[in-house]
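Participant: So that you have it, the file is target-v1.txt, and it contains compact mmCIF, N, CA and C atoms:
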```
# COMPACT_ATOMS: atom_id res chain seq x y z
N MET I 1 0.84 -1.18 0.00
CA MET I 1 0.00 0.00 0.00
C MET I 1 0.89 1.24 0.00
N ASN I 2 0.49 2.23 -0.76
CA ASN I 2 1.22 3.49 -0.80
C ASN I 2 0.83 4.37 0.39
N ARG I 3 1.84 4.97 0.98
CA ARG I 3 1.60 5.92 2.06
C ARG I 3 1.22 7.25 1.43
N LEU I 4 0.08 7.79 1.84
CA LEU I 4 -0.39 9.07 1.33
C LEU I 4 -0.20 10.16 2.36
N ARG I 5 0.07 11.37 1.87
CA ARG I 5 0.05 12.57 2.71
C ARG I 5 -1.33 13.17 2.54
N ILE I 6 -2.14 13.09 3.57
CA ILE I 6 -3.54 13.49 3.50
C ILE I 6 -3.75 14.74 4.34
N CYS I 7 -4.40 15.74 3.74
CA CYS I 7 -4.87 16.90 4.49
C CYS I 7 -6.36 16.69 4.72
N PHE I 8 -6.76 16.60 5.98
CA PHE I 8 -8.16 16.41 6.34
C PHE I 8 -8.65 17.67 7.02
N ILE I 9 -9.70 18.28 6.46
CA ILE I 9 -10.26 19.51 7.01
C ILE I 9 -11.54 19.16 7.74
N SER I 10 -11.59 19.48 9.03
CA SER I 10 -12.75 19.14 9.86
C SER I 10 -13.48 20.40 10.29
N ARG I 11 -14.78 20.33 10.25
CA ARG I 11 -15.61 21.47 10.69
C ARG I 11 -15.53 21.66 12.20
N ARG I 12 -15.54 20.57 12.93
CA ARG I 12 -15.43 20.64 14.39
C ARG I 12 -14.58 19.48 14.88
N PHE I 13 -13.91 19.71 15.98
CA PHE I 13 -13.15 18.66 16.64
C PHE I 13 -13.12 18.99 18.12
N PHE I 14 -12.72 18.03 18.91
CA PHE I 14 -12.64 18.26 20.35
C PHE I 14 -11.75 19.47 20.62
N PRO I 15 -12.01 20.28 21.61
CA PRO I 15 -12.90 20.02 22.73
C PRO I 15 -14.39 20.20 22.43
N ALA I 16 -14.78 20.61 21.21
CA ALA I 16 -16.20 20.66 20.87
C ALA I 16 -16.74 19.23 20.85
N ILE I 17 -17.87 19.04 21.47
CA ILE I 17 -18.47 17.72 21.53
C ILE I 17 -19.56 17.64 20.46
N SER I 18 -19.35 16.78 19.49
CA SER I 18 -20.34 16.63 18.42
C SER I 18 -20.06 15.34 17.67
N GLY I 19 -21.02 14.94 16.86
CA GLY I 19 -20.81 13.79 15.99
C GLY I 19 -19.67 14.03 15.03
N MET I 20 -19.49 15.30 14.59
CA MET I 20 -18.39 15.62 13.70
C MET I 20 -17.05 15.35 14.36
N SER I 21 -16.96 15.67 15.66
CA SER I 21 -15.71 15.45 16.40
C SER I 21 -15.38 13.96 16.47
N VAL I 22 -16.39 13.15 16.75
CA VAL I 22 -16.18 11.71 16.86
C VAL I 22 -15.79 11.13 15.50
N TYR I 23 -16.49 11.56 14.44
CA TYR I 23 -16.17 11.11 13.08
C TYR I 23 -14.72 11.45 12.74
N ALA I 24 -14.33 12.70 13.01
CA ALA I 24 -12.97 13.15 12.69
C ALA I 24 -11.93 12.34 13.43
N LEU I 25 -12.15 12.13 14.72
CA LEU I 25 -11.20 11.36 15.52
C LEU I 25 -11.05 9.94 14.98
N ASN I 26 -12.17 9.28 14.72
CA ASN I 26 -12.12 7.90 14.22
C ASN I 26 -11.45 7.82 12.86
N LEU I 27 -11.78 8.74 11.96
CA LEU I 27 -11.19 8.71 10.62
C LEU I 27 -9.68 8.93 10.69
N VAL I 28 -9.25 9.94 11.42
CA VAL I 28 -7.82 10.24 11.50
C VAL I 28 -7.07 9.07 12.15
N ARG I 29 -7.62 8.52 13.22
CA ARG I 29 -6.96 7.37 13.86
C ARG I 29 -6.81 6.20 12.88
N GLU I 30 -7.86 5.91 12.12
CA GLU I 30 -7.80 4.79 11.18
C GLU I 30 -6.83 5.06 10.04
N LEU I 31 -6.80 6.29 9.53
CA LEU I 31 -5.85 6.62 8.47
C LEU I 31 -4.41 6.48 8.96
N VAL I 32 -4.14 6.94 10.18
CA VAL I 32 -2.81 6.80 10.76
C VAL I 32 -2.48 5.32 10.95
N ALA I 33 -3.45 4.54 11.44
CA ALA I 33 -3.23 3.10 11.65
C ALA I 33 -2.93 2.38 10.33
N CYS I 34 -3.46 2.90 9.23
CA CYS I 34 -3.18 2.32 7.91
C CYS I 34 -1.84 2.79 7.35
N GLY I 35 -1.14 3.64 8.10
CA GLY I 35 0.19 4.07 7.68
C GLY I 35 0.25 5.38 6.93
N HIS I 36 -0.86 6.10 6.86
CA HIS I 36 -0.85 7.38 6.14
C HIS I 36 -0.36 8.51 7.03
N ASP I 37 0.15 9.54 6.40
CA ASP I 37 0.64 10.75 7.07
C ASP I 37 -0.49 11.78 7.00
N VAL I 38 -1.12 12.05 8.14
CA VAL I 38 -2.32 12.88 8.17
C VAL I 38 -2.07 14.21 8.88
N THR I 39 -2.48 15.27 8.21
CA THR I 39 -2.56 16.59 8.83
C THR I 39 -4.03 16.95 8.89
N MET I 40 -4.54 17.21 10.08
CA MET I 40 -5.92 17.65 10.22
C MET I 40 -5.94 19.13 10.53
N VAL I 41 -6.73 19.86 9.76
CA VAL I 41 -6.97 21.28 10.01
C VAL I 41 -8.41 21.36 10.51
N SER I 42 -8.60 21.81 11.73
CA SER I 42 -9.94 21.86 12.30
C SER I 42 -10.32 23.28 12.68
N GLN I 43 -11.53 23.65 12.26
CA GLN I 43 -12.07 24.93 12.68
C GLN I 43 -12.43 24.86 14.16
N TYR I 44 -12.39 25.99 14.82
CA TYR I 44 -12.83 26.05 16.20
C TYR I 44 -13.32 27.45 16.53
N ARG I 45 -14.23 27.50 17.48
CA ARG I 45 -14.72 28.77 18.00
C ARG I 45 -13.89 29.11 19.22
N ASN I 46 -13.58 30.40 19.35
CA ASN I 46 -12.76 30.85 20.47
C ASN I 46 -13.41 32.06 21.14
N ASP I 47 -14.74 32.16 21.00
CA ASP I 47 -15.48 33.26 21.58
C ASP I 47 -16.46 32.71 22.62
N PRO I 48 -16.86 33.52 23.59
CA PRO I 48 -17.74 33.01 24.64
C PRO I 48 -19.03 32.39 24.11
N ALA I 49 -19.68 33.01 23.14
CA ALA I 49 -20.94 32.47 22.61
C ALA I 49 -20.71 31.13 21.93
N GLY I 50 -19.71 31.05 21.09
CA GLY I 50 -19.43 29.80 20.39
C GLY I 50 -18.99 28.71 21.33
N MET I 51 -18.18 29.06 22.32
CA MET I 51 -17.72 28.06 23.27
C MET I 51 -18.86 27.55 24.14
N ALA I 52 -19.85 28.42 24.42
CA ALA I 52 -20.99 28.00 25.22
C ALA I 52 -21.82 26.96 24.48
N VAL I 53 -21.93 27.10 23.17
CA VAL I 53 -22.73 26.17 22.37
C VAL I 53 -21.93 24.94 21.98
N TYR I 54 -20.71 25.15 21.48
CA TYR I 54 -19.94 24.06 20.88
C TYR I 54 -18.84 23.50 21.78
N GLY I 55 -18.47 24.23 22.82
CA GLY I 55 -17.17 23.97 23.41
C GLY I 55 -16.20 24.66 22.47
N GLY I 56 -14.98 24.81 22.83
CA GLY I 56 -14.13 25.52 21.90
C GLY I 56 -12.70 25.59 22.34
N GLY I 57 -11.99 26.39 21.60
CA GLY I 57 -10.56 26.50 21.78
C GLY I 57 -9.86 25.59 20.80
N PRO I 58 -8.57 25.76 20.65
CA PRO I 58 -7.80 24.96 19.70
C PRO I 58 -7.94 23.47 19.95
N PRO I 59 -7.88 22.68 18.89
CA PRO I 59 -8.03 21.23 19.03
C PRO I 59 -6.80 20.58 19.66
N PRO I 60 -7.02 19.49 20.39
CA PRO I 60 -5.90 18.74 20.95
C PRO I 60 -5.24 17.88 19.88
N GLY I 61 -4.10 17.34 20.18
CA GLY I 61 -3.41 16.47 19.24
C GLY I 61 -4.05 15.09 19.15
N ILE I 62 -3.67 14.38 18.11
CA ILE I 62 -4.04 12.98 17.92
C ILE I 62 -2.72 12.24 17.69
N PRO I 63 -2.44 11.21 18.46
CA PRO I 63 -1.18 10.48 18.28
C PRO I 63 -0.97 10.04 16.82
N GLY I 64 0.19 10.40 16.28
CA GLY I 64 0.55 10.01 14.92
C GLY I 64 0.11 10.96 13.84
N ALA I 65 -0.68 11.98 14.20
CA ALA I 65 -1.18 12.96 13.22
C ALA I 65 -0.70 14.35 13.61
N HIS I 66 -0.69 15.24 12.62
CA HIS I 66 -0.38 16.64 12.86
C HIS I 66 -1.72 17.37 12.88
N VAL I 67 -2.04 18.05 13.98
CA VAL I 67 -3.33 18.71 14.14
C VAL I 67 -3.13 20.22 14.23
N LEU I 68 -3.87 20.95 13.39
CA LEU I 68 -3.80 22.41 13.38
C LEU I 68 -5.18 22.99 13.62
N GLY I 69 -5.26 24.01 14.44
CA GLY I 69 -6.51 24.72 14.65
C GLY I 69 -6.60 25.91 13.71
N CYS I 70 -7.81 26.17 13.22
CA CYS I 70 -8.06 27.33 12.37
C CYS I 70 -9.29 28.04 12.96
N GLU I 71 -9.04 29.12 13.66
CA GLU I 71 -10.12 29.82 14.34
C GLU I 71 -11.14 30.34 13.34
N SER I 72 -12.41 30.13 13.64
CA SER I 72 -13.52 30.57 12.77
C SER I 72 -13.78 32.06 12.98
N ARG I 73 -12.83 32.87 12.53
CA ARG I 73 -12.93 34.31 12.75
C ARG I 73 -14.13 34.93 12.04
N GLY I 74 -14.42 34.46 10.85
CA GLY I 74 -15.57 34.99 10.10
C GLY I 74 -16.89 34.67 10.78
N GLU I 75 -17.02 33.47 11.27
CA GLU I 75 -18.24 33.06 11.97
C GLU I 75 -18.40 33.86 13.27
N GLN I 76 -17.30 34.22 13.90
CA GLN I 76 -17.33 34.92 15.18
C GLN I 76 -17.63 36.41 15.05
N ARG I 77 -17.73 36.92 13.82
CA ARG I 77 -18.03 38.34 13.63
C ARG I 77 -19.36 38.74 14.25
N ILE I 78 -20.25 37.76 14.45
CA ILE I 78 -21.55 38.06 15.05
C ILE I 78 -21.40 38.68 16.44
N ASN I 79 -20.28 38.42 17.09
CA ASN I 79 -20.04 38.99 18.41
C ASN I 79 -19.76 40.49 18.37
N HIS I 80 -19.53 41.01 17.17
CA HIS I 80 -19.24 42.44 17.00
C HIS I 80 -20.34 43.13 16.21
N GLY I 81 -21.54 42.52 16.21
CA GLY I 81 -22.68 43.12 15.53
C GLY I 81 -22.61 43.04 14.02
N GLN I 82 -21.75 42.19 13.48
CA GLN I 82 -21.62 42.03 12.04
C GLN I 82 -22.17 40.67 11.63
N PRO I 83 -22.57 40.54 10.38
CA PRO I 83 -23.01 39.20 9.93
C PRO I 83 -21.81 38.25 9.87
N ALA I 84 -22.08 36.99 10.15
CA ALA I 84 -21.03 35.97 10.03
C ALA I 84 -20.52 35.96 8.59
N SER I 85 -19.23 35.74 8.43
CA SER I 85 -18.62 35.66 7.10
C SER I 85 -17.96 34.30 6.94
N PHE I 86 -18.75 33.34 6.47
CA PHE I 86 -18.19 32.02 6.21
C PHE I 86 -17.20 32.08 5.05
N GLU I 87 -17.34 33.07 4.19
CA GLU I 87 -16.38 33.25 3.10
C GLU I 87 -14.99 33.56 3.65
N GLN I 88 -14.92 34.35 4.72
CA GLN I 88 -13.63 34.61 5.36
C GLN I 88 -13.07 33.31 5.92
N ASP I 89 -13.93 32.49 6.52
CA ASP I 89 -13.47 31.21 7.06
C ASP I 89 -12.97 30.29 5.96
N VAL I 90 -13.63 30.31 4.79
CA VAL I 90 -13.16 29.52 3.65
C VAL I 90 -11.76 29.97 3.28
N GLU I 91 -11.56 31.27 3.14
CA GLU I 91 -10.24 31.78 2.76
C GLU I 91 -9.18 31.45 3.80
N ASP I 92 -9.53 31.55 5.08
CA ASP I 92 -8.57 31.20 6.14
C ASP I 92 -8.18 29.73 6.06
N LEU I 93 -9.16 28.85 5.80
CA LEU I 93 -8.86 27.43 5.66
C LEU I 93 -7.98 27.18 4.43
N VAL I 94 -8.32 27.81 3.31
CA VAL I 94 -7.53 27.65 2.09
C VAL I 94 -6.09 28.10 2.33
N ASP I 95 -5.93 29.27 2.95
CA ASP I 95 -4.58 29.78 3.23
C ASP I 95 -3.79 28.82 4.12
N THR I 96 -4.46 28.24 5.12
CA THR I 96 -3.80 27.29 6.02
C THR I 96 -3.35 26.05 5.27
N VAL I 97 -4.23 25.51 4.44
CA VAL I 97 -3.89 24.30 3.67
C VAL I 97 -2.74 24.58 2.70
N ILE I 98 -2.79 25.70 2.01
CA ILE I 98 -1.72 26.04 1.05
C ILE I 98 -0.39 26.23 1.78
N ARG I 99 -0.42 26.91 2.92
CA ARG I 99 0.82 27.10 3.70
C ARG I 99 1.41 25.75 4.13
N GLU I 100 0.55 24.85 4.61
CA GLU I 100 1.04 23.54 5.04
C GLU I 100 1.52 22.70 3.86
N HIS I 101 0.85 22.82 2.73
CA HIS I 101 1.27 22.09 1.52
C HIS I 101 2.66 22.55 1.08
N ARG I 102 2.92 23.82 1.17
CA ARG I 102 4.24 24.33 0.78
C ARG I 102 5.32 23.83 1.74
N ARG I 103 4.94 23.63 2.99
CA ARG I 103 5.89 23.12 3.99
C ARG I 103 6.19 21.65 3.75
N ARG I 104 5.14 20.84 3.53
CA ARG I 104 5.25 19.40 3.25
C ARG I 104 4.08 19.04 2.34
N PRO I 105 4.31 18.82 1.07
CA PRO I 105 3.22 18.63 0.10
C PRO I 105 2.28 17.47 0.42
N PHE I 106 1.01 17.72 0.17
CA PHE I 106 -0.04 16.72 0.32
C PHE I 106 -0.25 15.97 -0.99
N ASP I 107 -0.82 14.77 -0.89
CA ASP I 107 -1.24 14.01 -2.06
C ASP I 107 -2.72 14.21 -2.35
N ILE I 108 -3.51 14.46 -1.31
CA ILE I 108 -4.96 14.59 -1.44
C ILE I 108 -5.49 15.46 -0.31
N ILE I 109 -6.61 16.12 -0.59
CA ILE I 109 -7.30 16.92 0.42
C ILE I 109 -8.69 16.32 0.61
N HIS I 110 -9.06 16.10 1.86
CA HIS I 110 -10.37 15.53 2.20
C HIS I 110 -11.04 16.45 3.20
N ALA I 111 -12.27 16.83 2.92
CA ALA I 111 -13.02 17.68 3.85
C ALA I 111 -14.21 16.94 4.42
N GLN I 112 -14.45 17.19 5.68
CA GLN I 112 -15.63 16.71 6.36
C GLN I 112 -16.58 17.90 6.45
N TYR I 113 -17.73 17.75 5.85
CA TYR I 113 -18.79 18.76 5.85
C TYR I 113 -18.68 19.60 4.58
N GLY I 114 -19.82 19.93 4.03
CA GLY I 114 -19.85 20.61 2.74
C GLY I 114 -19.43 22.06 2.76
N TYR I 115 -19.82 22.80 3.79
CA TYR I 115 -19.55 24.23 3.81
C TYR I 115 -19.31 24.67 5.25
N PRO I 116 -18.29 25.37 5.51
CA PRO I 116 -17.31 25.95 4.62
C PRO I 116 -16.14 25.03 4.26
N CYS I 117 -15.98 23.93 4.99
CA CYS I 117 -14.80 23.07 4.80
C CYS I 117 -14.71 22.48 3.40
N GLY I 118 -15.84 21.99 2.88
CA GLY I 118 -15.83 21.38 1.55
C GLY I 118 -15.46 22.37 0.47
N LEU I 119 -16.03 23.56 0.55
CA LEU I 119 -15.68 24.59 -0.43
C LEU I 119 -14.21 24.96 -0.31
N ALA I 120 -13.70 25.03 0.91
CA ALA I 120 -12.27 25.33 1.11
C ALA I 120 -11.41 24.22 0.51
N ALA I 121 -11.82 22.96 0.69
CA ALA I 121 -11.05 21.85 0.12
C ALA I 121 -11.04 21.91 -1.40
N LEU I 122 -12.19 22.19 -1.99
CA LEU I 122 -12.26 22.29 -3.45
C LEU I 122 -11.37 23.42 -3.97
N GLU I 123 -11.41 24.56 -3.30
CA GLU I 123 -10.61 25.70 -3.74
C GLU I 123 -9.12 25.45 -3.54
N ALA I 124 -8.74 24.92 -2.39
CA ALA I 124 -7.31 24.62 -2.15
C ALA I 124 -6.82 23.59 -3.16
N ALA I 125 -7.62 22.56 -3.41
CA ALA I 125 -7.23 21.52 -4.37
C ALA I 125 -7.09 22.11 -5.77
N ARG I 126 -8.01 23.01 -6.14
CA ARG I 126 -7.92 23.66 -7.45
C ARG I 126 -6.63 24.46 -7.57
N ARG I 127 -6.32 25.25 -6.56
CA ARG I 127 -5.12 26.09 -6.60
C ARG I 127 -3.84 25.26 -6.60
N LEU I 128 -3.87 24.11 -5.92
CA LEU I 128 -2.67 23.28 -5.80
C LEU I 128 -2.60 22.16 -6.82
N GLY I 129 -3.66 21.95 -7.59
CA GLY I 129 -3.68 20.87 -8.57
C GLY I 129 -3.74 19.49 -7.94
N LEU I 130 -4.46 19.36 -6.82
CA LEU I 130 -4.54 18.10 -6.10
C LEU I 130 -5.94 17.49 -6.20
N PRO I 131 -6.04 16.16 -6.09
CA PRO I 131 -7.37 15.55 -6.00
C PRO I 131 -7.98 15.84 -4.62
N ASN I 132 -9.30 15.74 -4.56
CA ASN I 132 -9.97 16.02 -3.29
C ASN I 132 -11.21 15.16 -3.13
N VAL I 133 -11.63 15.05 -1.88
CA VAL I 133 -12.85 14.34 -1.49
C VAL I 133 -13.57 15.23 -0.50
N VAL I 134 -14.89 15.36 -0.67
CA VAL I 134 -15.70 16.08 0.30
C VAL I 134 -16.78 15.13 0.79
N SER I 135 -16.79 14.87 2.09
CA SER I 135 -17.79 14.00 2.70
C SER I 135 -18.98 14.85 3.15
N ILE I 136 -20.14 14.57 2.55
CA ILE I 136 -21.37 15.27 2.92
C ILE I 136 -22.09 14.38 3.92
N GLN I 137 -22.41 14.93 5.08
CA GLN I 137 -23.03 14.11 6.11
C GLN I 137 -24.09 14.89 6.87
N GLY I 138 -25.10 14.16 7.28
CA GLY I 138 -26.12 14.72 8.16
C GLY I 138 -26.71 16.02 7.69
N GLY I 139 -26.66 17.00 8.57
CA GLY I 139 -27.34 18.27 8.35
C GLY I 139 -26.70 19.19 7.33
N ASP I 140 -25.57 18.80 6.76
CA ASP I 140 -24.96 19.76 5.83
C ASP I 140 -25.44 19.58 4.40
N GLY I 141 -26.35 18.65 4.15
CA GLY I 141 -26.90 18.49 2.81
C GLY I 141 -27.55 19.76 2.29
N HIS I 142 -28.13 20.57 3.18
CA HIS I 142 -28.78 21.82 2.74
C HIS I 142 -27.78 22.82 2.19
N TRP I 143 -26.51 22.75 2.62
CA TRP I 143 -25.49 23.66 2.08
C TRP I 143 -25.19 23.34 0.63
N VAL I 144 -25.30 22.06 0.27
CA VAL I 144 -24.97 21.63 -1.08
C VAL I 144 -26.05 22.05 -2.03
```
Can you give me the file's structure in the form of structure tokens?
Facilitator:
Amino acid sequence: MNRLRICFISRRFFPAISGMSVYALNLVRELVACGHDVTMVSQYRNDPAGMAVYGGGPPPGIPGAHVLGCESRGEQRINHGQPASFEQDVEDLVDTVIREHRRRPFDIIHAQYGYPCGLAALEAARRLGLPNVVSIQGGDGHWV
């Protein structure tokens, strides 16, 4: 089996408690167990309102994987009386993936959740010329 360098973009991860967090943890653990080199980029809320609903703060590590937090700054604009900007969050995710790819190139980009992570994966993959996978699950079908 070929070892792949996988960039996995997660909408939520621990300390946020959600089905997305459990899915992300299980997927990353299994990919690492199969011998792949995984970098997970996970969005997180770092504001009192978001932390009250989701839990929040930067994600913890996963043994054998590289885990990066990407603060949902656009989503958090609501705390300043502005509309949420998921487009800003898409750009922040794309910038993070491109920066990490330049540091150590990926073979594939995989996103969990259609928006904003899936759109960020599609855009990063387009800019980098990489294949991508977007997993649509549960309540995010309406974004598609």
Participant: Write out as a VMD selection string the set of residues from chain I that DSSP, computed on the backbone, places in strand (DSSP E).
Facilitator: chain I and resid 5 to 10 37 to 44 66 to 71 108 to 112 132 to 135
Participant: Taking the DSSP secondary structure from the backbone, can you list the residues of segment 41-134 of chain I that are helix (DSSP H, G or I), as a ChimeraX atom specification?
Facilitator: /I:48-54,75-80,86-103,114-128
Participant: Which of these, I:Ser10, I:Gln112, I:Gln43, I:Ser21, has the shortest distance to Val134 of chain I once you count only N, CA and C atoms?
Facilitator: I:Gln112
Participant: Can you tell me which residues surround segment 115-123 of chain I at a distance of at most 6.5 Å, considering only N, CA and C atoms, apart from same-chain residues fewer than 6 positions away, and format the answer as a PyMOL selection string?
Facilitator: chain I and resi 9-11+86+89-91+93-94+109+132+134+140+143
Participant: Could you list as a ChimeraX atom specification every residue that has an atom within 12 Å of (-4.9, 15.5, 18.1), using the file's coordinates and counting only C-alpha atoms?
Facilitator: /I:10,13-15,21-22,24-29,32,38-42,58-69
Participant: For a test of reading the model, state the distance in Å between atom N of Pro83 of chain I and atom N of Tyr54 of chain I, rounded to one decimal.
Facilitator: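 If I compute the distance from atom N of Pro83 of chain I to atom N of Tyr54 of chain I, I get 19.1 Å.
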